[in-house]
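Shown next: work11.csv, given as CSV, C-alpha atoms.
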```csv
chain,number,residue,atom,x,y,z
Z,1,MET,CA,16.4,3.8,9.7
Z,2,PRO,CA,13.7,1.2,9.2
Z,3,LYS,CA,14.5,-0.8,12.4
Z,4,LEU,CA,12.7,0.9,15.2
Z,5,ASP,CA,14.4,1.9,18.4
Z,6,LEU,CA,11.4,1.1,20.5
Z,7,ASP,CA,12.9,2.6,23.7
Z,8,THR,CA,13.0,6.0,22.1
Z,9,ILE,CA,9.3,6.0,21.2
Z,10,PRO,CA,7.1,7.4,24.0
Z,11,GLN,CA,5.0,4.8,25.9
Z,12,VAL,CA,1.7,6.2,27.2
Z,13,ASN,CA,-1.4,5.0,28.9
Z,14,LEU,CA,-3.7,7.7,27.7
Z,15,THR,CA,-7.4,7.1,26.9
Z,16,ASP,CA,-10.1,9.4,25.6
Z,17,TYR,CA,-12.9,7.1,27.0
Z,18,PRO,CA,-15.5,8.8,29.1
Z,19,PRO,CA,-14.3,8.4,32.7
Z,20,GLN,CA,-16.8,5.8,33.7
Z,21,PHE,CA,-15.4,3.4,31.1
Z,22,ALA,CA,-11.7,4.2,31.4
Z,23,HIS,CA,-10.7,2.1,34.4
Z,24,VAL,CA,-10.3,-1.0,32.4
Z,25,VAL,CA,-7.4,0.4,30.4
Z,26,ALA,CA,-5.6,2.1,33.3
Z,27,GLY,CA,-2.9,-0.6,33.0
Z,28,ARG,CA,-2.7,-0.5,29.2
Z,29,TRP,CA,0.6,1.1,28.0
Z,30,TYR,CA,1.2,1.6,24.3
Z,31,ARG,CA,3.6,3.0,21.7
Z,32,ARG,CA,2.2,4.3,18.4
Z,33,LEU,CA,4.8,3.1,15.9
Z,34,GLY,CA,3.3,4.4,12.7
Z,35,PRO,CA,3.8,8.1,12.9
Z,36,PRO,CA,7.4,8.2,14.1
Z,37,SER,CA,8.4,5.7,11.4
Z,38,GLY,CA,6.5,7.4,8.5
Z,39,LEU,CA,3.7,4.9,7.9
Z,40,THR,CA,0.6,6.6,6.6
Z,41,HIS,CA,-1.5,3.6,5.4
Z,42,MET,CA,-1.7,1.7,8.6
Z,43,GLY,CA,-1.7,2.3,12.3
Z,44,VAL,CA,0.6,0.1,14.4
Z,45,SER,CA,0.8,0.0,18.2
Z,46,GLN,CA,3.0,-2.0,20.5
Z,47,VAL,CA,0.8,-2.6,23.5
Z,48,THR,CA,1.7,-3.8,27.0
Z,49,LEU,CA,-1.0,-4.9,29.3
Z,50,LYS,CA,-0.2,-5.0,33.0
Z,51,PRO,CA,-1.8,-7.8,35.1
Z,52,GLY,CA,-5.5,-7.1,35.2
Z,53,ALA,CA,-5.6,-4.7,32.3
Z,54,GLN,CA,-7.5,-5.0,29.1
Z,55,SER,CA,-6.8,-3.7,25.6
Z,56,SER,CA,-10.0,-1.6,25.4
Z,57,GLN,CA,-13.7,-1.9,26.0
Z,58,ARG,CA,-14.9,-4.8,24.0
Z,59,HIS,CA,-15.5,-3.3,20.5
Z,60,TRP,CA,-15.9,-3.7,16.8
Z,61,HIS,CA,-15.1,-1.4,13.8
Z,62,ALA,CA,-17.6,-0.5,11.2
Z,63,ALA,CA,-15.0,-0.5,8.4
Z,64,GLU,CA,-11.4,-0.6,9.6
Z,65,ASP,CA,-9.6,-4.0,9.7
Z,66,GLU,CA,-7.6,-4.9,12.8
Z,67,PHE,CA,-5.0,-7.5,13.3
Z,68,VAL,CA,-3.2,-8.6,16.4
Z,69,VAL,CA,-0.2,-10.8,17.1
Z,70,MET,CA,1.1,-11.7,20.5
Z,71,LEU,CA,4.7,-11.2,21.3
Z,72,SER,CA,5.1,-12.2,25.0
Z,73,GLY,CA,3.1,-13.2,28.0
Z,74,ALA,CA,-0.4,-14.5,28.0
Z,75,ALA,CA,-3.8,-12.8,27.3
Z,76,VAL,CA,-7.3,-14.0,26.8
Z,77,LEU,CA,-9.2,-12.9,23.7
Z,78,ILE,CA,-12.9,-12.5,24.5
Z,79,ASP,CA,-15.6,-12.2,21.7
Z,80,ASP,CA,-19.2,-13.0,21.3
Z,81,ASP,CA,-18.4,-16.7,20.9
Z,82,GLY,CA,-16.2,-17.3,23.9
Z,83,GLU,CA,-12.7,-17.0,25.3
Z,84,TYR,CA,-9.5,-18.0,23.6
Z,85,PRO,CA,-6.0,-18.1,25.1
Z,86,MET,CA,-3.4,-16.0,23.2
Z,87,ARG,CA,0.3,-16.9,23.6
Z,88,PRO,CA,3.3,-15.6,21.7
Z,89,GLY,CA,2.9,-16.1,18.0
Z,90,ASP,CA,-0.8,-16.4,18.2
Z,91,CYS,CA,-2.7,-14.1,15.7
Z,92,ALA,CA,-6.2,-12.8,15.4
Z,93,SER,CA,-8.0,-10.9,12.7
Z,94,PHE,CA,-11.0,-8.6,13.1
Z,95,PRO,CA,-12.4,-7.6,9.7
Z,96,GLY,CA,-14.1,-4.2,9.4
Z,97,GLY,CA,-17.9,-4.5,9.5
Z,98,VAL,CA,-18.1,-7.7,11.5
Z,99,ARG,CA,-20.0,-6.7,14.7
Z,100,ASN,CA,-18.3,-9.3,16.9
Z,101,GLY,CA,-16.8,-7.2,19.7
Z,102,HIS,CA,-13.4,-8.2,20.9
Z,103,VAL,CA,-11.0,-7.4,23.7
Z,104,LEU,CA,-7.7,-8.8,25.1
Z,105,VAL,CA,-7.5,-9.2,28.8
Z,106,ASN,CA,-4.4,-10.0,30.8
Z,107,ARG,CA,-5.5,-12.4,33.6
Z,108,SER,CA,-1.9,-13.5,34.3
Z,109,ALA,CA,0.6,-12.2,36.9
Z,110,GLU,CA,3.0,-10.9,34.3
Z,111,ASP,CA,2.9,-8.2,31.6
Z,112,CYS,CA,1.9,-9.3,28.2
Z,113,VAL,CA,2.9,-7.6,24.9
Z,114,PHE,CA,1.2,-7.6,21.5
Z,115,ILE,CA,1.3,-5.7,18.2
Z,116,ALA,CA,-2.0,-4.3,16.9
Z,117,VAL,CA,-2.4,-3.1,13.3
Z,118,GLY,CA,-5.3,-1.2,11.9
Z,119,ALA,CA,-5.9,-0.3,8.2
Z,120,GLY,CA,-8.9,1.0,6.2
Z,121,PRO,CA,-11.3,3.9,6.9
Z,122,ASP,CA,-12.1,4.7,10.5
Z,123,THR,CA,-15.8,5.2,10.2
Z,124,GLY,CA,-16.6,4.5,13.8
Z,125,GLY,CA,-17.8,1.4,15.6
Z,126,GLY,CA,-19.5,0.1,18.7
Z,127,TYR,CA,-19.0,-1.5,22.1
Z,128,SER,CA,-20.5,-4.8,23.0
Z,129,ASP,CA,-20.8,-4.6,26.8
Z,130,ILE,CA,-21.5,-0.9,27.4
Z,131,ASP,CA,-24.0,1.7,26.0
Z,132,MET,CA,-21.5,3.4,23.7
Z,133,LEU,CA,-20.7,4.0,20.0
Z,134,TRP,CA,-17.8,5.9,18.5
Z,135,ARG,CA,-18.5,8.1,15.5
Z,136,ALA,CA,-16.4,8.8,12.5
Z,137,ASP,CA,-15.5,12.2,13.9
Z,138,GLY,CA,-14.2,10.7,17.1
Z,139,ARG,CA,-17.2,11.5,19.4
Z,140,TYR,CA,-18.5,9.0,21.9
Z,141,THR,CA,-22.3,8.7,22.2
Z,142,THR,CA,-24.8,6.3,23.7
Z,143,LYS,CA,-26.4,3.9,21.3
Z,144,THR,CA,-29.4,6.3,21.0
Z,145,GLY,CA,-27.1,9.1,20.0
Z,146,GLU,CA,-26.7,11.1,23.3
Z,147,GLU,CA,-23.3,12.8,23.7
Z,148,TYR,CA,-21.0,11.6,26.5
Z,149,ARG,CA,-19.1,14.9,26.6
W,1,MET,CA,-13.5,-17.0,14.8
W,2,PRO,CA,-11.1,-14.1,15.1
W,3,LYS,CA,-8.2,-16.2,16.6
W,4,LEU,CA,-6.5,-17.8,13.7
W,5,ASP,CA,-5.8,-21.6,13.6
W,6,LEU,CA,-2.5,-21.1,11.9
W,7,ASP,CA,-2.0,-24.9,11.4
W,8,THR,CA,-5.0,-25.0,9.1
W,9,ILE,CA,-3.7,-22.2,6.8
W,10,PRO,CA,-1.6,-23.4,3.9
W,11,GLN,CA,2.1,-22.7,4.2
W,12,VAL,CA,3.7,-22.3,0.8
W,13,ASN,CA,7.1,-21.3,-0.6
W,14,LEU,CA,5.9,-20.1,-4.0
W,15,THR,CA,7.4,-17.2,-5.8
W,16,ASP,CA,6.7,-15.5,-9.1
W,17,TYR,CA,10.2,-14.1,-9.4
W,18,PRO,CA,11.9,-14.7,-12.7
W,19,PRO,CA,13.9,-18.0,-12.3
W,20,GLN,CA,17.3,-16.3,-12.1
W,21,PHE,CA,16.3,-14.3,-9.1
W,22,ALA,CA,14.2,-17.0,-7.3
W,23,HIS,CA,16.9,-19.0,-5.5
W,24,VAL,CA,17.2,-16.6,-2.6
W,25,VAL,CA,13.6,-17.3,-1.5
W,26,ALA,CA,13.7,-21.1,-1.9
W,27,GLY,CA,13.7,-21.4,1.9
W,28,ARG,CA,11.0,-18.8,2.5
W,29,TRP,CA,7.8,-20.4,3.7
W,30,TYR,CA,4.7,-18.2,4.3
W,31,ARG,CA,1.1,-18.2,5.2
W,32,ARG,CA,-1.2,-15.5,3.8
W,33,LEU,CA,-3.4,-14.6,6.8
W,34,GLY,CA,-5.5,-11.9,5.4
W,35,PRO,CA,-7.8,-13.6,2.9
W,36,PRO,CA,-8.8,-16.6,5.1
W,37,SER,CA,-9.6,-14.3,8.0
W,38,GLY,CA,-11.6,-11.7,5.9
W,39,LEU,CA,-9.1,-8.8,6.0
W,40,THR,CA,-9.4,-6.6,2.9
W,41,HIS,CA,-7.5,-3.4,3.9
W,42,MET,CA,-4.2,-5.0,4.7
W,43,GLY,CA,-2.1,-8.0,3.7
W,44,VAL,CA,-0.6,-10.0,6.5
W,45,SER,CA,1.8,-12.9,6.1
W,46,GLN,CA,3.4,-15.2,8.7
W,47,VAL,CA,6.9,-15.9,7.2
W,48,THR,CA,9.3,-18.6,8.2
W,49,LEU,CA,12.9,-18.3,6.9
W,50,LYS,CA,14.9,-21.5,6.8
W,51,PRO,CA,18.6,-21.1,7.6
W,52,GLY,CA,20.2,-19.3,4.6
W,53,ALA,CA,16.9,-18.0,3.2
W,54,GLN,CA,15.9,-14.4,2.7
W,55,SER,CA,12.5,-12.7,2.7
W,56,SER,CA,12.8,-11.4,-0.9
W,57,GLN,CA,15.2,-9.7,-3.2
W,58,ARG,CA,16.1,-6.4,-1.5
W,59,HIS,CA,13.3,-4.1,-2.5
W,60,TRP,CA,11.2,-1.0,-1.9
W,61,HIS,CA,7.6,-0.1,-2.6
W,62,ALA,CA,6.5,3.0,-4.5
W,63,ALA,CA,3.5,3.6,-2.4
W,64,GLU,CA,2.6,0.7,-0.1
W,65,ASP,CA,3.6,0.8,3.5
W,66,GLU,CA,5.2,-2.4,5.0
W,67,PHE,CA,5.7,-3.3,8.6
W,68,VAL,CA,7.6,-6.3,10.1
W,69,VAL,CA,7.7,-7.7,13.6
W,70,MET,CA,10.0,-10.6,14.6
W,71,LEU,CA,8.4,-13.5,16.5
W,72,SER,CA,11.1,-16.0,16.9
W,73,GLY,CA,14.7,-16.8,15.9
W,74,ALA,CA,17.2,-14.3,14.5
W,75,ALA,CA,17.4,-12.4,11.2
W,76,VAL,CA,19.5,-9.6,9.8
W,77,LEU,CA,17.8,-6.6,8.2
W,78,ILE,CA,19.8,-5.2,5.3
W,79,ASP,CA,19.2,-1.8,3.8
W,80,ASP,CA,21.1,0.9,2.1
W,81,ASP,CA,22.6,2.0,5.4
W,82,GLY,CA,23.8,-1.2,6.8
W,83,GLU,CA,22.9,-4.4,8.7
W,84,TYR,CA,20.7,-4.6,11.8
W,85,PRO,CA,20.0,-7.6,14.0
W,86,MET,CA,16.4,-8.5,14.3
W,87,ARG,CA,15.3,-10.5,17.4
W,88,PRO,CA,11.9,-11.4,18.8
W,89,GLY,CA,9.9,-8.2,19.5
W,90,ASP,CA,12.0,-6.1,17.1
W,91,CYS,CA,10.0,-4.0,14.6
W,92,ALA,CA,10.8,-2.3,11.3
W,93,SER,CA,8.8,0.1,9.2
W,94,PHE,CA,9.2,0.7,5.4
W,95,PRO,CA,7.0,3.6,4.4
W,96,GLY,CA,5.8,3.6,0.8
W,97,GLY,CA,7.9,5.8,-1.5
W,98,VAL,CA,11.1,5.6,0.4
W,99,ARG,CA,13.6,4.0,-2.0
W,100,ASN,CA,15.7,2.3,0.6
W,101,GLY,CA,15.6,-1.3,-0.3
W,102,HIS,CA,15.2,-3.8,2.5
W,103,VAL,CA,15.5,-7.6,3.0
W,104,LEU,CA,15.6,-9.9,6.0
W,105,VAL,CA,18.2,-12.7,5.8
W,106,ASN,CA,18.4,-15.7,8.1
W,107,ARG,CA,22.1,-16.3,8.8
W,108,SER,CA,21.5,-18.5,11.8
W,109,ALA,CA,21.3,-22.2,12.1
W,110,GLU,CA,17.6,-22.2,13.2
W,111,ASP,CA,14.4,-21.1,11.5
W,112,CYS,CA,13.2,-17.6,12.2
W,113,VAL,CA,9.6,-16.4,12.0
W,114,PHE,CA,8.2,-12.9,11.5
W,115,ILE,CA,4.9,-11.2,10.6
W,116,ALA,CA,4.9,-8.8,7.6
W,117,VAL,CA,2.0,-6.4,7.0
W,118,GLY,CA,1.3,-4.3,3.9
W,119,ALA,CA,-1.3,-1.6,3.4
W,120,GLY,CA,-1.9,1.1,0.9
W,121,PRO,CA,-1.9,1.0,-2.9
W,122,ASP,CA,0.4,-1.5,-4.6
W,123,THR,CA,1.7,0.6,-7.4
W,124,GLY,CA,4.9,-1.3,-7.9
W,125,GLY,CA,8.4,-0.8,-6.7
W,126,GLY,CA,12.0,-1.7,-7.3
W,127,TYR,CA,14.9,-3.9,-6.4
W,128,SER,CA,18.2,-2.5,-5.1
W,129,ASP,CA,20.7,-5.2,-6.0
W,130,ILE,CA,19.3,-6.6,-9.3
W,131,ASP,CA,18.1,-5.1,-12.6
W,132,MET,CA,14.4,-5.4,-11.9
W,133,LEU,CA,11.3,-3.4,-11.2
W,134,TRP,CA,7.8,-4.6,-10.5
W,135,ARG,CA,4.9,-2.8,-12.1
W,136,ALA,CA,1.5,-2.0,-10.8
W,137,ASP,CA,0.0,-4.7,-12.9
W,138,GLY,CA,2.4,-7.3,-11.4
W,139,ARG,CA,4.8,-7.6,-14.3
W,140,TYR,CA,8.5,-7.8,-13.7
W,141,THR,CA,10.8,-5.7,-16.0
W,142,THR,CA,14.3,-4.6,-16.2
W,143,LYS,CA,14.9,-1.0,-15.1
W,144,THR,CA,14.8,0.1,-18.7
W,145,GLY,CA,11.4,-1.6,-19.2
W,146,GLU,CA,12.2,-4.9,-20.9
W,147,GLU,CA,9.9,-7.7,-19.9
W,148,TYR,CA,11.2,-10.7,-18.0
W,149,ARG,CA,8.5,-13.0,-19.3
```
Take the structure in this file and express it as structure tokens.
Amino acid sequence: MPKLDLDTIPQVNLTDYPPQFAHVVAGRWYRRLGPPSGLTHMGVSQVTLKPGAQSSQRHWHAAEDEFVVMLSGAAVLIDDDGEYPMRPGDCASFPGGVRNGHVLVNRSAEDCVFIAVGAGPDTGGGYSDIDMLWRADGRYTTKTGEEYR
Amino acid sequence: MPKLDLDTIPQVNLTDYPPQFAHVVAGRWYRRLGPPSGLTHMGVSQVTLKPGAQSSQRHWHAAEDEFVVMLSGAAVLIDDDGEYPMRPGDCASFPGGVRNGHVLVNRSAEDCVFIAVGAGPDTGGGYSDIDMLWRADGRYTTKTGEEYR
């Protein structure tokens, strides 16, 4: 049925980041909502950040659009221009091709939850604070093209 | 900046439904969040339903995916299979091509707010409870192809 039974969808804290960059997402738990519900034109994740966790390394997408809406708790959105509090109902858009890296960080003492949606071609992107790019084929490299694995 | 200043984005209750079908959305107020924030691969709306209002006529999309997450208040999701309560944090997916018409109805005494996201080609769709289709070019017709306007 269209309404999702969220409790039946696996919640994982996996990452494919190279190990030296993975610690920041150790407390990021997410459910991928698109595949189990049949969506093929967008990716949707319900993301829970434990206290201290962040959503990713600060990053931007070469082409894919990303949209985030906060559901509960408090996070801080960090980008090139500053820090912005995100509370339930707050929204943020990250158009593909805009190289303003973004990340959500939970600096509170409680979990926070948000929905992240992606749509458009995943042609890779880059990271603002570390020497890493991701490629259209999913590989991670340094900014000069050396493989991480 | 990526965080949206929602109060600065116009909130409208427009509809292009033929007049005989428009009354159900008279209390539907929405902000289109994609264009002012530069998103081109998805449509995003923040929708407020006043008590008694519904999100649309009950409908399905021929190809476009739709996703909804509730932010505040209470609505009822109605589809071919029944009625489902939607409360903050609840999510629903409507994959393109699945002809199970859906609508959110606010039967409570308070406003409710949700985010609706669409992605993929808008090639038209249909309405479950009235004699209407919409076409890829935006026209509304009866199910036998007569123009409404």
Report as a ChimeraX atom specification all protein, DNA and RNA residues lying within 12 Å of Leu6 (chain Z), evaluated on all atoms listed in the file, omitting residues in the same chain fewer than 5 positions from it. /Z:11,30-34,36-37,45-47 /W:69,89-93
Check every residue of chain W for an atom within 7 Å of chain Z, counting only C-alpha atoms, and provide those that qualify as a PyMOL selection string. chain W and resi 2-4+37-39+41-42+65+71+89+91-95+119-120
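Separating CA of Arg99 (chain Z) from CA of Ala53 (chain Z) is a distance of 22.8 Å.
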Expressed in Å to a single decimal, how great is the separation between CA of Leu14 (chain W) and CA of Arg28 (chain W)? 8.4 Å
Show me, as a PyMOL selection string, the residues that have an atom within 8 Å of Tyr140 (chain W) when counting all atoms listed in the file, minus same-chain residues fewer than 6 positions from it. chain W and resi 17-18+132-134+147-149
Residue among W:Gln57, W:Ala62, W:Gly73, W:Thr123 lying closest to Ala22 (chain W), counting only C-alpha atoms: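 Selected residue with least distance to Ala22 (chain W): W:Gln57.
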List the spatial neighbours of Tyr127 (chain W) as a ChimeraX atom specification - criterion: any atom at most 6 Å away, all atoms listed in the file, same-chain residues fewer than 3 positions off excluded. /W:58-59,130,132
What is the CA of Asn106 (chain Z) to CA of Pro35 (chain W) distance in Å? 28.3 Å
Return the single residue from Z:Gly27, Z:Thr142, Z:Asp129, Z:Ala136 that is closest to His61 (chain Z), with distances computed using only C-alpha atoms.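 Once distances to His61 (chain Z) are computed over only C-alpha atoms, the minimum belongs to Z:Ala136.
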